[in-house]
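Below: one structure, written as structure tokens.
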Amino acid sequence: MTEQLLRKQIEAIVKLTDEEFQFVVGYFEIKNYRKNQYLVQAGAAAPLDHFVTSGLLKSYFIDEDGKEHILQFAMEDWWISDPQAYHNRLPATLNIDCIEDTTALAITIDNREALCYECKKMEYFFMKKTTAGYIALQKRILSLMSQNSEDRYRQFEELYPVLINRIPKKLIASYLGVSRETLSRLSI
């Protein structure tokens, strides 16, 4: 089941034969994490990109005042890493930890580069996923810059209805850039 979710995502972009998929999945490692366990801590290496097959994670930055700013959630069928640290082999600027027990398929940057070199279909797949990620990030930044807190919440609710009941309101507030009190005052 774990590997089939990855195959389904890949094949939404490129078709693979059974042999090709077995080749691809050989570059990944199954990882199991417990609730509240870190996958990445700021200042440490971030050698893995994770494809979530079950569970829920958050990626966040802690500012100088100790305030948590959530950049991303990742549930089943989503990818999560600290892209700057992962791709440039730098210390992480983000933390990633588990909101729920999580299983993921993880790939190192060396394995990803080797896989893309050996299988052009996967190079295309990762290019399309990266582009989609950039577009989503642009939309998120524009939302933070141009929408009020209620509109941002409604958009979150519309885009990610399954997350509303899985994520504590405090974490949703952090993701939306509002206080927990502000979120409580919204008609939600």
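By convention here, the chains of the structure tokens are called A, B, ... in the order presented, each chain's residues are numbered starting at 1, and ligands are numbered starting at 1 in the order presented.
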
Extract, using only C-alpha atoms, all DNA, RNA and protein residues at most 12 Å from Gln155 of chain A, discarding same-chain residues fewer than 3 positions from it, and format them as a VMD selection string. chain A and resid 139 to 140 143 to 144 147 to 152 158 to 161 164 176

Contacts of Tyr33 of chain A at 9 Å (only C-alpha atoms; same-chain gap of 6+ positions) as an MDAnalysis selection string: chainID A and resid 39 97:98 100:104

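Residues with any atom within 12 Å of Lys128 of chain A, counting only C-alpha atoms and excluding same-chain neighbours fewer than 5 positions away, are A:Gln9, A:Ile10, A:Ala12, A:Ile13, A:Val14, A:Lys121, A:Met122, A:Glu123, A:Gly133, A:Tyr134, A:Ile135.
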
Would you export the selected residues with C-alpha atoms as a compact mmCIF listing (two decimals), in the first residue's frame, please?
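File produced: again_24.txt:
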```
# COMPACT_ATOMS: atom_id res chain seq x y z
CA GLN A 9 1.11 10.04 -7.71
CA ILE A 10 3.89 9.42 -10.21
CA ALA A 12 -0.73 11.05 -12.57
CA ILE A 13 2.20 12.72 -14.37
CA VAL A 14 4.13 9.94 -16.14
CA LYS A 121 10.51 10.06 -16.61
CA MET A 122 11.35 10.69 -12.96
CA GLU A 123 13.32 13.81 -13.83
CA GLY A 133 5.12 23.52 -5.29
CA TYR A 134 6.43 26.91 -6.40
CA ILE A 135 3.00 27.86 -7.71
```

Between A:Tyr117, A:Tyr60, A:Phe21, A:Phe125, which one has atoms that come closest to Ala92 of chain A, using only C-alpha atoms? A:Tyr60

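Using only C-alpha atoms for every distance, the candidate list A:Gln37, A:Leu6, A:Ala42, A:Asp18 yields A:Leu6 as the residue closest to Trp78 of chain A.
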
Among segment 39-177 of chain A, which residues does DSSP mark as helix (DSSP H, G or I) when it is run on the backbone? Keep the chain and numbering as in the structure and answer as a VMD selection string. chain A and resid 83 to 88 109 to 118 120 to 146 149 to 159 161 to 164 169 to 176

Write out as a PDB file with N, CA and C atoms, in the first residue's frame the residues lying within 12 Å of Val162 of chain A, counting only C-alpha atoms and excluding same-chain residues fewer than 3 positions away.
```pdb
ATOM      1  N   LEU A  56       0.636  12.825   9.469  1.00  0.00           N
ATOM      2  CA  LEU A  56       0.537  14.263   9.265  1.00  0.00           C
ATOM      3  C   LEU A  56       1.740  14.939   9.904  1.00  0.00           C
ATOM      4  N   PHE A  73       1.967  22.054   5.957  1.00  0.00           N
ATOM      5  CA  PHE A  73       1.523  20.786   6.513  1.00  0.00           C
ATOM      6  C   PHE A  73       1.746  19.748   5.426  1.00  0.00           C
ATOM      7  N   ALA A  74       1.875  18.502   5.814  1.00  0.00           N
ATOM      8  CA  ALA A  74       1.989  17.427   4.824  1.00  0.00           C
ATOM      9  C   ALA A  74       1.236  16.214   5.349  1.00  0.00           C
ATOM     10  N   MET A  75       0.274  15.773   4.568  1.00  0.00           N
ATOM     11  CA  MET A  75      -0.475  14.564   4.902  1.00  0.00           C
ATOM     12  C   MET A  75      -0.237  13.546   3.789  1.00  0.00           C
ATOM     13  N   GLU A  76      -1.022  12.498   3.800  1.00  0.00           N
ATOM     14  CA  GLU A  76      -0.872  11.442   2.809  1.00  0.00           C
ATOM     15  C   GLU A  76      -0.861  12.010   1.388  1.00  0.00           C
ATOM     16  N   PHE A 156      -8.214  28.215   3.248  1.00  0.00           N
ATOM     17  CA  PHE A 156      -7.614  27.006   3.818  1.00  0.00           C
ATOM     18  C   PHE A 156      -8.669  25.906   3.924  1.00  0.00           C
ATOM     19  N   GLU A 157      -9.832  26.274   4.418  1.00  0.00           N
ATOM     20  CA  GLU A 157     -10.937  25.325   4.584  1.00  0.00           C
ATOM     21  C   GLU A 157     -11.358  24.726   3.239  1.00  0.00           C
ATOM     22  N   GLU A 158     -11.370  25.568   2.208  1.00  0.00           N
ATOM     23  CA  GLU A 158     -11.765  25.122   0.869  1.00  0.00           C
ATOM     24  C   GLU A 158     -10.697  24.215   0.240  1.00  0.00           C
ATOM     25  N   LEU A 159      -9.428  24.614   0.390  1.00  0.00           N
ATOM     26  CA  LEU A 159      -8.342  23.854  -0.219  1.00  0.00           C
ATOM     27  C   LEU A 159      -8.044  22.546   0.509  1.00  0.00           C
ATOM     28  N   ASN A 165     -10.221  19.125  10.635  1.00  0.00           N
ATOM     29  CA  ASN A 165     -10.479  18.328  11.843  1.00  0.00           C
ATOM     30  C   ASN A 165      -9.265  17.536  12.321  1.00  0.00           C
ATOM     31  N   ARG A 166      -8.206  17.527  11.551  1.00  0.00           N
ATOM     32  CA  ARG A 166      -7.001  16.778  11.939  1.00  0.00           C
ATOM     33  C   ARG A 166      -5.963  17.638  12.632  1.00  0.00           C
ATOM     34  N   ILE A 167      -6.053  18.940  12.430  1.00  0.00           N
ATOM     35  CA  ILE A 167      -5.024  19.850  12.939  1.00  0.00           C
ATOM     36  C   ILE A 167      -5.602  20.716  14.052  1.00  0.00           C
TER      37      ILE A 167
END
```

Atom CA of Phe61 of chain A to atom CA of Thr93 of chain A, straight-line distance in Å: 7.0 Å

I need the residue nearest Lys15 of chain A from this list: A:Ile30, A:Tyr124, A:Trp79, A:Lys58. Use only C-alpha atoms for the distance. A:Tyr124

Check the DSSP output for the backbone and give back, as JSON, numbers by chain, the residues of segment 13-163 of chain A in strand (DSSP E). {"A": [29, 30, 31, 32, 33, 38, 39, 40, 48, 49, 50, 51, 52, 53, 54, 57, 58, 59, 60, 61, 62, 68, 69, 70, 71, 72, 73, 74, 79, 80, 95, 96, 97, 98, 102, 103, 104, 105, 106, 107, 108]}

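Candidate residues A:Gly66, A:Gly177, A:Pro168, A:Gly43 were compared for distance to Asn95 of chain A, and the nearest is A:Gly43, using only C-alpha atoms.
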
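Counting only C-alpha atoms, the residue from A:Tyr153, A:Phe126, A:Tyr175, A:Tyr86 that sits nearest to Ile70 of chain A is A:Tyr175.
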
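In terms of minimum interatomic distance to Leu115 of chain A, A:Val24 ranks closest within A:Glu19, A:Val24, A:Pro91, A:Lys8, counting only C-alpha atoms.
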